[in-house]
Every structure is written in structure tokens, then in C-alpha cells.
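Have a look at start-v4.txt; it's compact mmCIF, C-alpha atoms:
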# COMPACT_ATOMS: atom_id res chain seq x y z
CA MET X 1 -58.56 210.95 27.16
CA LYS X 2 -55.34 212.95 27.24
CA GLN X 3 -52.31 211.66 29.08
CA ASN X 4 -52.48 214.27 31.83
CA ARG X 5 -56.14 213.37 32.47
CA ILE X 6 -55.31 209.72 33.26
CA LYS X 7 -52.42 210.74 35.48
CA GLU X 8 -54.62 213.28 37.22
CA LEU X 9 -57.12 210.52 38.02
CA CYS X 10 -54.37 208.22 39.26
CA LEU X 11 -53.16 210.93 41.63
CA ALA X 12 -56.56 212.36 42.63
CA ALA X 13 -57.50 212.68 46.29
CA GLU X 14 -59.38 209.82 47.91
CA GLY X 15 -63.14 210.37 47.80
CA ARG X 16 -63.13 212.60 44.73
CA ALA X 17 -66.16 211.92 42.52
CA GLU X 18 -65.77 211.27 38.80
CA VAL X 19 -67.88 209.83 35.99
CA LEU X 20 -65.71 207.25 34.22
CA GLN X 21 -65.97 204.56 31.61
CA GLY X 22 -65.62 201.16 33.29
CA ASN X 23 -62.37 200.29 31.52
CA ILE X 24 -60.84 203.62 32.51
CA ALA X 25 -62.01 203.14 36.11
CA PHE X 26 -60.27 199.76 36.13
CA ALA X 27 -57.08 201.18 34.60
CA VAL X 28 -56.97 203.98 37.17
CA GLY X 29 -57.67 201.42 39.88
CA CYS X 30 -54.61 199.43 38.80
CA VAL X 31 -52.29 202.39 39.32
CA ARG X 32 -53.97 203.47 42.56
CA ALA X 33 -53.61 199.89 43.86
CA GLY X 34 -49.86 199.94 43.22
CA ILE X 35 -49.96 197.21 40.55
CA HIS X 36 -46.50 196.99 39.04
CA SER X 37 -47.16 195.93 35.46
CA ALA X 38 -49.79 195.17 32.83
CA GLU X 39 -49.69 192.91 29.77
CA GLY X 40 -52.37 192.37 27.16
CA TYR X 41 -53.53 191.88 23.61
CA PRO X 42 -56.13 194.21 22.05
CA GLY X 43 -59.55 192.62 22.36
CA THR X 44 -62.65 194.76 22.64
CA PRO X 45 -64.30 195.22 25.13
CA SER X 46 -61.05 195.10 27.16
CA THR X 47 -58.82 197.15 24.85
CA GLU X 48 -59.26 200.59 26.43
CA VAL X 49 -57.72 199.45 29.74
CA ILE X 50 -54.30 199.64 28.11
CA ASP X 51 -54.96 201.65 24.94
CA ARG X 52 -56.70 204.66 26.50
CA GLY X 53 -55.70 204.07 30.10
CA LEU X 54 -52.46 202.49 31.26
CA SER X 55 -50.50 203.36 28.12
CA GLN X 56 -50.90 207.01 29.11
CA VAL X 57 -49.10 206.58 32.46
CA GLN X 58 -46.10 204.43 31.62
CA ASP X 59 -44.04 206.36 34.13
CA MET X 60 -46.32 204.93 36.85
CA ILE X 61 -46.74 201.30 35.67
CA THR X 62 -44.86 199.03 33.24
CA VAL X 63 -47.12 198.29 30.25
CA GLY X 64 -46.76 196.00 27.24
CA TRP X 65 -48.77 194.74 24.28
CA SER X 66 -48.11 191.14 23.22
CA VAL X 67 -48.50 189.41 19.85
CA ASN X 68 -51.34 187.31 21.27
CA GLU X 69 -52.99 186.48 24.59
CA ALA X 70 -50.91 183.34 25.20
CA VAL X 71 -47.76 185.45 25.09
CA ALA X 72 -49.42 188.11 27.29
CA VAL X 73 -50.28 185.53 29.96
CA ALA X 74 -46.80 184.01 29.79
CA ALA X 75 -45.23 187.47 30.11
CA GLY X 76 -47.56 188.27 33.01
CA LEU X 77 -46.65 185.01 34.74
CA GLY X 78 -42.97 185.87 34.26
CA GLN X 79 -43.55 189.23 35.89
CA THR X 80 -45.05 187.53 38.94
CA LEU X 81 -42.04 185.21 39.19
CA ALA X 82 -40.00 188.38 39.56
CA GLY X 83 -42.27 189.22 42.50
CA ARG X 84 -44.32 191.85 40.67
CA ASP X 85 -48.10 192.23 40.86
CA THR X 86 -49.37 192.04 37.29
CA VAL X 87 -52.63 192.48 35.36
CA VAL X 88 -53.24 190.69 32.05
CA THR X 89 -56.12 191.96 29.88
CA MET X 90 -58.15 190.15 27.20
CA LYS X 91 -61.67 189.27 26.10
CA ILE X 92 -63.16 185.75 26.29
CA PRO X 93 -61.79 184.38 22.98
CA GLY X 94 -58.35 185.53 24.10
CA LEU X 95 -58.68 183.36 27.18
CA PHE X 96 -58.91 180.27 24.99
CA GLN X 97 -55.96 181.50 22.93
CA ALA X 98 -54.03 181.55 26.22
CA GLY X 99 -55.56 178.30 27.50
CA ASP X 100 -52.36 176.28 27.87
CA VAL X 101 -50.49 178.78 30.03
CA PHE X 102 -53.66 179.92 31.81
CA THR X 103 -54.71 176.45 32.96
CA SER X 104 -51.24 175.17 33.87
CA ALA X 105 -50.25 178.30 35.83
CA SER X 106 -53.55 178.28 37.73
CA PHE X 107 -52.33 175.47 39.97
CA PHE X 108 -49.09 177.03 41.15
CA HIS X 109 -49.53 177.72 44.85
CA GLN X 110 -46.16 179.13 45.81
CA THR X 111 -45.50 182.66 47.04
CA ARG X 112 -45.04 185.12 44.17
CA GLY X 113 -46.42 188.40 42.84
CA ALA X 114 -50.17 188.60 42.26
CA LEU X 115 -51.42 187.53 38.80
CA ILE X 116 -54.71 189.22 37.92
CA TYR X 117 -56.66 188.37 34.77
CA PHE X 118 -59.02 191.07 33.50
CA ILE X 119 -61.32 189.15 31.15
CA ALA X 120 -64.08 191.19 29.54
CA SER X 121 -67.30 189.46 28.50
CA ASP X 122 -69.28 190.33 25.39
CA PHE X 123 -72.46 188.29 25.51
CA THR X 124 -74.39 190.45 23.01
CA PRO X 125 -72.00 189.99 21.12
CA SER X 126 -70.81 193.26 19.62
CA SER X 127 -67.22 192.38 18.72
CA THR X 128 -66.75 188.74 19.65
CA GLN X 129 -66.75 185.58 17.53
CA HIS X 130 -68.44 183.23 20.03
CA LEU X 131 -70.57 183.20 23.17
CA VAL X 132 -68.80 180.62 25.32
CA ASP X 133 -69.19 181.28 29.06
CA PRO X 134 -65.81 180.48 30.66
CA ARG X 135 -66.85 180.42 34.32
CA THR X 136 -66.86 176.62 34.51
CA LEU X 137 -63.27 176.71 33.24
CA PHE X 138 -62.34 179.20 35.97
CA LYS X 139 -63.96 176.92 38.54
CA GLY X 140 -62.12 173.89 37.16
CA CYS X 141 -58.86 175.78 37.55
CA GLY X 142 -59.65 176.50 41.20
CA LEU X 143 -59.54 180.26 40.65
CA PRO X 144 -61.45 182.96 42.52
CA ILE X 145 -63.84 184.90 40.28
CA ILE X 146 -64.73 188.54 40.88
CA GLU X 147 -67.63 189.90 38.81
CA PRO X 148 -67.83 193.68 39.37
CA THR X 149 -71.42 194.88 39.68
CA THR X 150 -70.78 198.64 39.43
CA HIS X 151 -68.22 201.07 38.02
CA GLN X 152 -67.05 201.65 41.60
CA GLU X 153 -66.22 197.96 41.89
CA MET X 154 -64.33 198.16 38.59
CA LEU X 155 -62.13 200.83 40.22
CA GLU X 156 -61.64 198.81 43.40
CA ALA X 157 -61.19 195.36 41.82
CA PRO X 158 -57.40 195.57 41.22
CA ALA X 159 -56.60 196.31 44.88
CA ILE X 160 -58.96 193.58 46.13
CA SER X 161 -57.59 191.06 43.63
CA ALA X 162 -53.96 191.78 44.49
CA GLU X 163 -54.68 191.16 48.17
CA ILE X 164 -56.50 187.89 47.41
CA GLY X 165 -53.73 186.79 45.06
CA ARG X 166 -51.01 187.29 47.62
CA LYS X 167 -52.97 185.94 50.57
CA PHE X 168 -54.04 182.70 48.88
CA ASN X 169 -51.15 182.33 46.40
CA THR X 170 -53.55 182.21 43.48
CA PRO X 171 -54.21 183.94 40.20
CA VAL X 172 -57.45 185.92 40.32
CA VAL X 173 -60.03 186.39 37.55
CA ILE X 174 -61.88 189.67 37.20
CA PHE X 175 -64.74 188.73 34.88
CA ALA X 176 -66.03 192.11 33.77
CA SER X 177 -69.27 192.65 31.87
CA GLY X 178 -68.89 194.45 28.56
CA ALA X 179 -71.83 196.60 29.66
CA LEU X 180 -69.69 197.96 32.51
CA CYS X 181 -66.50 198.13 30.43
CA HIS X 182 -68.01 200.44 27.84
CA SER X 183 -70.57 202.44 29.84
CA GLU X 184 -69.92 205.33 32.19
CA GLY X 185 -70.79 205.56 35.86
CA LEU X 186 -70.13 207.50 39.04
CA VAL X 187 -67.09 206.49 41.07
CA ARG X 188 -65.34 207.90 44.11
CA MET X 189 -61.59 207.58 44.18
CA ASN X 190 -60.27 204.90 46.48
CA ALA X 191 -57.13 205.05 48.57
CA THR X 192 -53.77 204.83 46.80
CA LYS X 193 -51.28 202.14 47.77
CA SER X 194 -47.61 201.45 47.24
CA ARG X 195 -46.74 197.76 46.97
CA GLU X 196 -43.28 196.31 47.39
CA PRO X 197 -42.53 193.39 45.04
CA VAL X 198 -42.46 189.96 46.65
CA GLU X 199 -38.95 188.81 47.46
CA MET X 200 -38.34 185.70 45.33
CA GLY X 201 -35.68 183.08 45.81
CA GLU X 202 -33.40 181.84 43.03
CA ASP X 203 -34.90 178.31 42.93
CA LEU X 204 -38.01 178.38 40.72
CA ARG X 205 -38.26 174.62 40.11
CA ALA X 206 -41.65 174.54 41.88
CA PHE X 207 -43.10 176.36 38.86
CA ASN X 208 -42.58 173.37 36.58
CA CYS X 209 -45.51 171.52 35.01
CA LEU X 210 -44.20 167.97 35.38
CA PRO X 211 -46.91 165.31 35.98
CA GLY X 212 -45.89 164.48 39.54
CA MET X 213 -45.79 168.15 40.47
CA ALA X 214 -49.15 168.75 38.77
CA ARG X 215 -50.74 166.04 40.90
CA ASN X 216 -49.35 167.58 44.10
CA ASN X 217 -50.39 171.08 43.03
CA TYR X 218 -53.95 169.95 42.32
CA ASN X 219 -54.26 168.24 45.69
CA THR X 220 -52.86 171.29 47.48
CA ILE X 221 -55.35 173.62 45.79
CA LEU X 222 -58.26 171.47 46.99
CA LYS X 223 -56.80 171.15 50.48
CA ASP X 224 -55.67 174.73 51.12
CA ARG X 225 -56.75 177.32 48.52
CA ILE X 226 -60.43 176.46 48.03
CA PRO X 227 -61.34 176.18 51.76
CA GLY X 228 -59.72 179.57 52.40
CA LEU X 229 -61.55 181.16 49.50
CA LEU X 230 -64.83 179.60 50.64
CA GLU X 231 -64.50 181.29 54.02
CA MET X 232 -63.70 184.60 52.34
CA SER X 233 -66.69 184.26 50.02
CA GLU X 234 -69.08 183.97 52.95
CA ASN X 235 -67.80 187.20 54.50
CA THR X 236 -66.83 189.49 51.64
CA GLU X 237 -68.83 192.65 51.05
CA LEU X 238 -68.77 191.80 47.34
CA ASN X 239 -71.70 189.45 48.07
CA ARG X 240 -74.57 191.66 49.30
CA TRP X 241 -78.14 191.01 50.38
CA THR X 242 -80.57 193.87 49.74
CA ARG X 243 -83.45 192.98 52.03
CA GLY X 244 -87.11 193.16 51.18
CA GLY X 245 -90.16 191.50 52.68
CA GLY X 246 -89.07 187.95 51.90
CA LYS X 247 -91.84 187.37 49.35
CA THR X 248 -89.75 187.06 46.17
CA GLY X 249 -86.00 186.70 45.75
CA VAL X 250 -83.50 187.38 42.97
CA ILE X 251 -79.96 186.02 42.91
CA THR X 252 -77.82 187.81 40.37
CA SER X 253 -74.25 188.72 39.46
CA GLY X 254 -72.16 191.24 37.55
CA ALA X 255 -73.83 194.09 35.68
CA SER X 256 -77.20 192.33 35.99
CA SER X 257 -77.06 193.16 39.71
CA THR X 258 -77.17 196.87 38.90
CA PHE X 259 -80.01 196.37 36.41
CA VAL X 260 -82.06 194.41 38.97
CA GLN X 261 -81.55 197.20 41.51
CA GLU X 262 -82.69 199.76 38.92
CA VAL X 263 -85.88 197.77 38.25
CA ARG X 264 -86.54 197.39 41.98
CA GLU X 265 -86.32 201.15 42.49
CA ALA X 266 -88.10 202.19 39.29
CA TYR X 267 -91.14 199.97 39.91
CA ASP X 268 -91.00 199.98 43.73
CA VAL X 269 -91.27 196.19 43.82
CA ASP X 270 -90.82 194.25 47.05
CA ILE X 271 -88.01 191.85 46.24
CA ASP X 272 -84.94 190.62 48.09
CA ILE X 273 -81.75 190.71 46.02
CA LEU X 274 -78.64 188.63 46.63
CA SER X 275 -76.00 190.34 44.49
CA LEU X 276 -72.93 188.18 43.94
CA GLY X 277 -69.73 189.98 43.04
CA PHE X 278 -67.60 186.99 44.08
CA THR X 279 -68.87 183.97 42.18
CA HIS X 280 -66.27 181.28 42.82
CA PRO X 281 -66.27 179.76 45.25
CA LEU X 282 -69.92 180.64 45.87
CA PRO X 283 -71.03 181.51 49.43
CA GLU X 284 -73.21 178.44 49.90
CA LYS X 285 -74.22 179.23 53.49
CA LYS X 286 -75.32 182.75 52.53
CA ILE X 287 -77.17 181.47 49.48
CA ARG X 288 -79.04 178.85 51.54
CA GLU X 289 -79.91 181.45 54.19
CA PHE X 290 -81.28 183.73 51.47
CA HIS X 291 -83.22 180.93 49.78
CA ASN X 292 -84.75 179.75 53.06
CA TYR X 293 -85.83 183.30 53.91
CA ILE X 294 -87.85 183.73 50.71
CA GLU X 295 -91.46 182.57 50.92
CA GLY X 296 -92.11 182.55 47.17
CA ASP X 297 -90.03 182.06 44.06
CA VAL X 298 -86.30 182.68 43.79
CA TYR X 299 -85.16 183.87 40.35
CA ILE X 300 -81.69 183.71 38.82
CA ILE X 301 -80.71 186.65 36.59
CA GLU X 302 -77.26 186.21 35.03
CA ASP X 303 -75.48 186.90 31.76
CA GLY X 304 -73.74 184.18 29.81
CA ALA X 305 -74.86 180.60 30.28
CA SER X 306 -76.53 179.19 33.41
CA TYR X 307 -73.52 178.97 35.73
CA LEU X 308 -75.30 180.23 38.87
CA GLN X 309 -78.48 178.36 38.04
CA ASP X 310 -76.60 175.09 37.61
CA GLU X 311 -74.62 175.62 40.82
CA LEU X 312 -77.75 176.29 42.89
CA THR X 313 -79.48 173.28 41.35
CA ARG X 314 -76.45 171.20 42.37
CA MET X 315 -76.97 172.54 45.90
CA GLY X 316 -80.51 171.12 45.80
CA LEU X 317 -82.21 174.54 45.70
CA GLU X 318 -85.29 175.21 43.60
CA VAL X 319 -84.86 178.32 41.47
CA LYS X 320 -86.40 179.85 38.37
CA GLY X 321 -83.95 180.78 35.64
CA LYS X 322 -83.42 180.29 31.95
CA GLU X 323 -85.33 177.58 30.13
CA PHE X 324 -83.37 174.61 28.81
CA LEU X 325 -81.62 175.68 25.58
CA SER X 326 -82.55 179.31 26.16
CA ASN X 327 -80.74 181.71 23.84
CA ILE X 328 -80.74 184.56 26.38
CA THR X 329 -77.13 185.55 26.99
CA GLU X 330 -77.39 189.14 28.23
CA TYR X 331 -80.08 190.96 30.22
CA ASP X 332 -81.07 194.61 30.20
CA PRO X 333 -83.46 196.38 32.60
CA ALA X 334 -86.44 196.02 30.24
CA MET X 335 -85.96 192.24 29.99
CA ILE X 336 -85.61 191.97 33.77
CA ALA X 337 -88.79 193.97 34.36
CA LYS X 338 -90.72 191.46 32.25
CA THR X 339 -89.31 188.42 34.09

Mind turning the file's structure into C-alpha cells?
Amino acid sequence: MKQNRIKELCLAAEGRAEVLQGNIAFAVGCVRAGIHSAEGYPGTPSTEVIDRGLSQVQDMITVGWSVNEAVAVAAGLGQTLAGRDTVVTMKIPGLFQAGDVFTSASFFHQTRGALIYFIASDFTPSSTQHLVDPRTLFKGCGLPIIEPTTHQEMLEAPAISAEIGRKFNTPVVIFASGALCHSEGLVRMNATKSREPVEMGEDLRAFNCLPGMARNNYNTILKDRIPGLLEMSENTELNRWTRGGGKTGVITSGASSTFVQEVREAYDVDIDILSLGFTHPLPEKKIREFHNYIEGDVYIIEDGASYLQDELTRMGLEVKGKEFLSNITEYDPAMIAKT
């Protein structure tokens, strides 16, 4: 895309319809949300967010490439300590490159600019060297996880994440399916926002990683952050129940949610769908309500490993998902139709 095209999208009137690649929708969403800066390292399927998107509007957002993902996360964290709302982009292997800074910074709970991680999955894989599902790591770090289910949600995710980050003093993970990143879909432009940086004090000693401080930070996350996020998870519109007759249920997340909806419409099947766009913390009350409503089987359709399946099993709910040691890592509509 040409530079003026990206800027045109960033300035377009609210409600205007466009067909956009998922990564471009996300990039445009960053500017429209008033995000102040973006850092990253090239890693397909996340690369286009900066390469074809934000790099074209550097008069509207501060953008930088780093020598690796660890440096990108550290630079992004530094931006937030200056009060700026920042996005850091990478694919899954890059997350593990950045593991030290990512995990340590996850437990800071002080007021600062929002830190948003855009982590693109590639469970085919098409350009990735391993198939590790990082959602258990995100959970262990006490971080909220947003899994966009449509291109529209890719556009809206930056604004939602910035609000969550500031409200709960937490980094936020946007775990985006490579299928959404690289495909095109219909979006309608959301509202534009202007965000003032957070006013930071001069004393930043609370952002140390000393053992005694780490213990206090961990306890505070469990006491304050997670309960607040749990309440939000139960009420957010990112977790949606498409009602059917209660005979068969499907619980799904990310791009698989869109594929399940396509199969439901194409074959006119009577199924209830619980689409989860906010997958940590999970909305346990809503999930139990859904499960209790279904008379027959409840299926789990998810990319990656069996994160949702394992979580629902922990909740004591009987579900049908992947077989033990299944090598299924990514669904498409044809596979779902056969399930």
C-alpha cells in the first residue's frame, strides 16, 4: 500500500467500510486508537503491521525496528515508563527471544503507559520454526489475552487493549491468528481517539526486579489484577454466545470462531456457539451457563494446543476436543465441518 493510502485509512470517517488485510487493519487501529509508539522485529506473520502499515505514517505514530524482540520489548517498556501507550509486534518465536523482559515486566502493577503485545500465531506453520502454544505462559504471567475473531476485532483491538492496560495496570497480549493477519476482510472504521501520555513521577524504583519486590508484585497481581480481569471477562462483548436450540454446543476462540460461524450458516446446523475473544482470564460463569444449557455434546475448536480444552477439564466440565497427542494445530472450515 502507498503511504497516502495508510494515512487515508487512519483519517477516514467513522463507519466507512473497507476490505483490509488483518495486519493493516490492526496497524490502522493503532493510529485511530491514539497509540503513541510501536516497536518490533520483523517476524512473519506480524511483519506487515510495521513494514506496510505504521512505517507509512511516522508523522502520526513513533515507530522503530529493533535488532531482536528482546530489545523491542525493552524499548516498548521504556516507552511506557515515559507514560506512552506502546505496541510491540512479533511472532511466537520472538516471544521466547524476549522471554526475560516479557516475563519480568508482566508483574509490574504501577501506573504507566499501556504496553500492548501483538503476537501473531502461525500454527500451520508457514514461516515459523516451532509450534509452541504460548497461552499457558501468558496465563502464568497473569496477563489478559485478547484473541481477535474477525478483521473488525483486529481493527478495534488496540483501543480495547489500551483501555484495559491503563485500567488494570497490566500489559495486554493480543494473540492474533496468522489466518486473520494475512487474509482480507470487511471492516468499518471505528472512532478515532487522542490519548494524553500518563504523567509519570521521577521515582521509578518500583520497576525493579529485586526478589523482595517480585514477591510483592506477584501477590498483588493475584489479589488485585486477576479478580478485576475476571469480572471484565464475564461482561465483555468479546465473549459472545450465538444461541441455537441447545442440542449441541461449540466453544471456540480466535479465527476458528469465524470458521465455525461459516460452517453453521453454510450447512444450516443447529448449534450454539460460545465464541471467546478474551481467553484469559476465562469467563467461568458464562462457560458453565453455556455448558449447562447444552443437552448434548460440547465441542472445543481451537488452534494451537489444547489450552481451552485443558482449562474446561480443570473446571470439571465434560467436553469433546482433540485426542491425546493429536497433531491438529490449525482448523479450517472443511475440518470443522467434518468434526

* **Contacts of range 279-281 of chain X at 7 Å (all atoms listed in the file; same-chain gap of 2+ positions) as a PyMOL selection string** => chain X and resi 139+144-147+229-230+233+276-277+283

* Asked: At what distance in Å, to one decimal, does CA of Gly22 in chain X lie from CA of Thr150 in chain X?
  ->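 Here the two named atoms are 8.4 Å from each other.
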
* To do: For Arg188 in chain X, work out the shell of residues within 10 Å, counting all atoms listed in the file and skipping chain neighbours fewer than 3 positions away, then give it as a PyMOL selection string.
  => chain X and resi 12-20+25+151-152+155-156+191

Spatial neighbours of Glu196 in chain X, max dist 9 Å, only C-alpha atoms, sep filter under 6 positions, as a PDB file with C-alpha atoms, in the frame of the given file:
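Result saved to part-v5.pdb:
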ATOM      1  CA  GLY X  34     -49.860 199.940  43.220  1.00  0.00           C
ATOM      2  CA  HIS X  36     -46.500 196.990  39.040  1.00  0.00           C
ATOM      3  CA  GLY X  83     -42.270 189.220  42.500  1.00  0.00           C
ATOM      4  CA  ARG X  84     -44.320 191.850  40.670  1.00  0.00           C
TER       5      ARG X  84
END

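Nearest to Pro158 in chain X of all the residues X:Phe175, X:Phe26, X:Phe107, X:Phe96 is X:Phe26, counting all atoms listed in the file.
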
* To do: Grab the CA of Thr80 in chain X to CA of Asn190 in chain X distance for me, in Å with one decimal place.
  =>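 These two atoms are separated by 24.3 Å.
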
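Here CA of Thr242 in chain X and CA of Asp272 in chain X stand 5.7 Å from one another.
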